[in-house]
Amino acid sequence: MRHRLTGAVPRLAAPLGSLAAAGAAFVYVAAVDPNQPGHYPPCPFLAATGLYCPACGGLRSAHAVAHGDLVTALGANAAAVALFAVLALGWLYWTVRAAGARPFALPVRPRVWHAWAAGVLLAAFTVVRNTPLGTALTP
């Protein structure tokens with residue numbers, strides 16, 4: 001008779017492989033400080049326009065998250081911290097579903113307006129962080 005855990009191992013391969021890849025990326029960013037010049041290439045959008053893109057400060061934010069400094073992470077890029085949280089919750093949901101041999105299904109049906117709302121929020125974040133009102137959002 002086959003043990004239940006034996007069947008779970010193949011089902012958990014993709015979520016655990018994804019966790020290993022994301023973990024390796026965070027370990028690298030934790031070890032190689034993006035606050036020190038020369039470790040990472042500069043943002044091409046910032047270099048070309050002098051404006052912060054939505055991702056500017058994302059590596060510094062990941063570095064701070066990896067070191068457990070949430071306040072600094074939010075200051076570097078609040079949108080990146082929100083994305084890290086959403087991805088972590090999505091990964092947890094995926095893993096629980098896979099462990100229970102249930103197919104992955106989004107708990108909320110994606111709608112076109114969800115994508116538009118996310119795009120509008122990201123655009124607003126980008127615009128505000130490039131104005132005097134958004135100095136707290138600049139990396």
# chains A, B, ... in the order shown; residues from 1 in each chain; ligands from 1

$ closest_atom_pairs --of "stretch 33-97 of chain A" --to "stretch 107-130 of chain A" --cutoff "9 Å" --atoms "only C-alpha atoms" --output "JSON lines"
{"residue": "A:Leu51", "atom": "CA", "partner": "A:Asn130", "partner_atom": "CA", "distance": 6.3}
{"residue": "A:Tyr52", "atom": "CA", "partner": "A:Asn130", "partner_atom": "CA", "distance": 6.4}
{"residue": "A:Cys53", "atom": "CA", "partner": "A:Thr126", "partner_atom": "CA", "distance": 6.1}
{"residue": "A:Pro54", "atom": "CA", "partner": "A:Thr126", "partner_atom": "CA", "distance": 5.3}
{"residue": "A:Ala55", "atom": "CA", "partner": "A:Thr126", "partner_atom": "CA", "distance": 9.0}
{"residue": "A:Ala79", "atom": "CA", "partner": "A:Leu122", "partner_atom": "CA", "distance": 7.7}

$ residues_around --residues "A:Ala22" --least-positions-apart "5" --cutoff "12 Å" --atoms "only C-alpha atoms" --output "list in words"
Pro15, Leu16, Gly17, Val27, Tyr28, Val29, Ala62, Ala66, Phe84, Leu87, Ala88 and Trp91 of chain A

$ closest_residue --among "A:Gly75, A:Phe104, A:Ala82, A:Thr95" --to "A:Thr135" --atoms "only C-alpha atoms"
A:Gly75

$ residues_around --residues "A:Ala76" --least-positions-apart "4" --cutoff "6 Å" --atoms "only C-alpha atoms" --output "list in words"
Gly57, Ser61 and Pro139 of chain A
